Amino acid sequence: MLPLLLLLLRVSSLASAALTYCSSENTASTSAQSNTYQSNGWCHDNCQGYQYAILLGKDCACSNSGPSSGVSLSKCSDQCSGYPYDSCGNEGQALYGYIYLGSGTASSIPIDSPSSTESPASSSSATST
């Protein structure tokens, strides 16, 4: 029973990071690491020590600088392969999902939509029942 509980806690922590930005700009300073079981939480954990975790499909890269502009977070809606409740960018439109890992609040970036006033999303946990 204890191993199952530990596994469930680990899955829960891997699925706890939310996207902050969606952008066509890739500011990665590391090589992308591909993971068949990609999730926001896995990429978040993989990029500890950096300001941002960047997702596109099964790829995760890290960076200390965020994008200079973005699009609506709703456009980065491709499901992650390892945790379909997470979003891993948008491969068809080459849009990268950014997770802010730094301290404090992520700065606002311009959103490339004339009718949008979207600001960075607040972190939230994805849960399933």
# chains A, B, ... in the order shown; residues from 1 in each chain; ligands from 1
$ select_by_dssp --residues "segment 19-65 of chain A" --states "strand (DSSP E or B)" --output "list of chain:residue names"
A:Tyr21, A:Cys22, A:Ser23, A:Gln33, A:Ser34, A:Tyr52, A:Ala53, A:Ile54, A:Leu55, A:Leu56, A:Asp59, A:Cys60, A:Ala61, A:Cys62, A:Ser63
$ residues_around --residues "segment 72-88 of chain A" --least-positions-apart "2" --cutoff "6 Å" --atoms "only C-alpha atoms" --output "CSV table (one decimal) with all heavy atoms, in the first residue's frame"
chain,number,residue,atom,x,y,z
A,22,CYS,N,2.6,31.5,-23.4
A,22,CYS,CA,2.6,30.7,-24.7
A,22,CYS,C,3.2,31.7,-25.7
A,22,CYS,O,2.8,32.8,-25.9
A,22,CYS,CB,1.2,30.4,-25.1
A,22,CYS,SG,1.0,29.4,-26.6
A,37,TYR,N,6.9,10.4,-21.6
A,37,TYR,CA,5.9,10.7,-20.6
A,37,TYR,C,6.0,12.1,-20.1
A,37,TYR,O,5.9,12.4,-18.9
A,37,TYR,CB,6.1,9.7,-19.4
A,37,TYR,CG,6.1,8.3,-19.9
A,37,TYR,CD1,7.2,7.5,-20.0
A,37,TYR,CD2,4.9,7.7,-20.3
A,37,TYR,CE1,7.2,6.2,-20.5
A,37,TYR,CE2,4.8,6.4,-20.8
A,37,TYR,CZ,6.0,5.7,-20.8
A,37,TYR,OH,6.0,4.4,-21.3
A,38,GLN,N,6.1,13.1,-21.0
A,38,GLN,CA,6.2,14.5,-20.7
A,38,GLN,C,5.1,15.0,-19.9
A,38,GLN,O,3.9,14.6,-20.1
A,38,GLN,CB,6.4,15.3,-22.0
A,38,GLN,CG,6.8,16.7,-21.8
A,38,GLN,CD,8.1,16.9,-21.2
A,38,GLN,OE1,8.2,17.0,-20.0
A,38,GLN,NE2,9.2,16.7,-22.0
A,39,SER,N,5.3,15.9,-19.0
A,39,SER,CA,4.3,16.6,-18.2
A,39,SER,C,4.9,17.9,-17.8
A,39,SER,O,6.1,18.1,-17.8
A,39,SER,CB,3.9,15.8,-17.0
A,39,SER,OG,4.9,15.8,-16.0
A,55,LEU,N,8.2,24.0,-22.9
A,55,LEU,CA,7.7,22.7,-23.4
A,55,LEU,C,7.2,22.9,-24.8
A,55,LEU,O,6.6,23.9,-25.2
A,55,LEU,CB,6.5,22.3,-22.5
A,55,LEU,CG,6.8,21.9,-21.1
A,55,LEU,CD1,5.9,22.6,-20.1
A,55,LEU,CD2,6.7,20.4,-21.0
A,56,LEU,N,7.4,21.9,-25.6
A,56,LEU,CA,6.8,21.7,-26.9
A,56,LEU,C,6.7,20.2,-27.2
A,56,LEU,O,7.7,19.6,-27.4
A,56,LEU,CB,7.7,22.4,-28.0
A,56,LEU,CG,7.1,22.4,-29.4
A,56,LEU,CD1,5.7,23.1,-29.5
A,56,LEU,CD2,8.0,23.0,-30.4
A,57,GLY,N,5.5,19.7,-27.2
A,57,GLY,CA,5.3,18.3,-27.4
A,57,GLY,C,6.0,17.5,-26.3
A,57,GLY,O,5.8,17.7,-25.1
A,90,ASN,N,2.1,23.9,-28.5
A,90,ASN,CA,1.3,23.6,-29.7
A,90,ASN,C,2.2,23.3,-30.8
A,90,ASN,O,2.8,24.2,-31.4
A,90,ASN,CB,0.4,24.8,-30.0
A,90,ASN,CG,-0.5,24.5,-31.2
A,90,ASN,OD1,-0.2,23.9,-32.1
A,90,ASN,ND2,-1.7,25.1,-31.1
A,97,GLY,N,5.2,26.4,-24.7
A,97,GLY,CA,4.6,26.7,-23.3
A,97,GLY,C,5.8,27.0,-22.3
A,97,GLY,O,6.7,26.2,-22.3
$ atom_distance --atom1 "atom CA of Asn35 of chain A" --atom2 "atom CA of Ser107 of chain A"
28.6 Å
$ atom_distance --atom1 "atom CA of Ser63 of chain A" --atom2 "atom CA of Gly92 of chain A"
22.4 Å
$ closest_residue --among "A:Ser68, A:Ser103, A:Asn46, A:Ser108" --to "Thr27 of chain A" --atoms "only C-alpha atoms"
A:Ser68
$ closest_residue --among "A:Cys47, A:Leu101, A:Asn26, A:Asp112" --to "Gly70 of chain A" --atoms "only C-alpha atoms"
A:Asp112
$ residues_around --residues "Ser34 of chain A" --least-positions-apart "6" --cutoff "8 Å" --atoms "only C-alpha atoms" --output "JSON, numbers by chain"
{"A": [58, 59, 60]}
$ write_last_selection --atoms "N, CA and C atoms" --output "PDB file, in the first residue's frame"
ATOM      1  N   LYS A  58       6.845  16.556 -26.720  1.00  0.00           N
ATOM      2  CA  LYS A  58       7.573  15.698 -25.783  1.00  0.00           C
ATOM      3  C   LYS A  58       8.900  16.308 -25.355  1.00  0.00           C
ATOM      4  N   ASP A  59       9.209  17.524 -25.839  1.00  0.00           N
ATOM      5  CA  ASP A  59      10.486  18.166 -25.538  1.00  0.00           C
ATOM      6  C   ASP A  59      10.376  19.167 -24.392  1.00  0.00           C
ATOM      7  N   CYS A  60      11.429  19.213 -23.591  1.00  0.00           N
ATOM      8  CA  CYS A  60      11.546  20.143 -22.472  1.00  0.00           C
ATOM      9  C   CYS A  60      12.935  20.766 -22.528  1.00  0.00           C
TER      10      CYS A  60
END
$ closest_residue --among "A:Leu19, A:Ala53, A:Ile109, A:Ala61" --to "Gln33 of chain A" --atoms "only C-alpha atoms"
A:Ala61
$ closest_residue --among "A:Gly104, A:Ile111, A:Gly89, A:Tyr98" --to "Ser65 of chain A" --atoms "only C-alpha atoms"
A:Tyr98
$ select_by_dssp --residues "segment 18-124 of chain A" --states "alpha helix (DSSP H)" --output "list of chain:residue names"
A:Asn40, A:Gly41, A:Trp42, A:Cys43, A:His44, A:Asp45, A:Asn46
$ closest_residue --among "A:Ala94, A:Cys62, A:Asp45, A:Val71" --to "Ala32 of chain A" --atoms "only C-alpha atoms"
A:Cys62
$ closest_residue --among "A:Ala106, A:Ile54, A:Ile99, A:Cys43" --to "Ala18 of chain A" --atoms "only C-alpha atoms"
A:Ile99
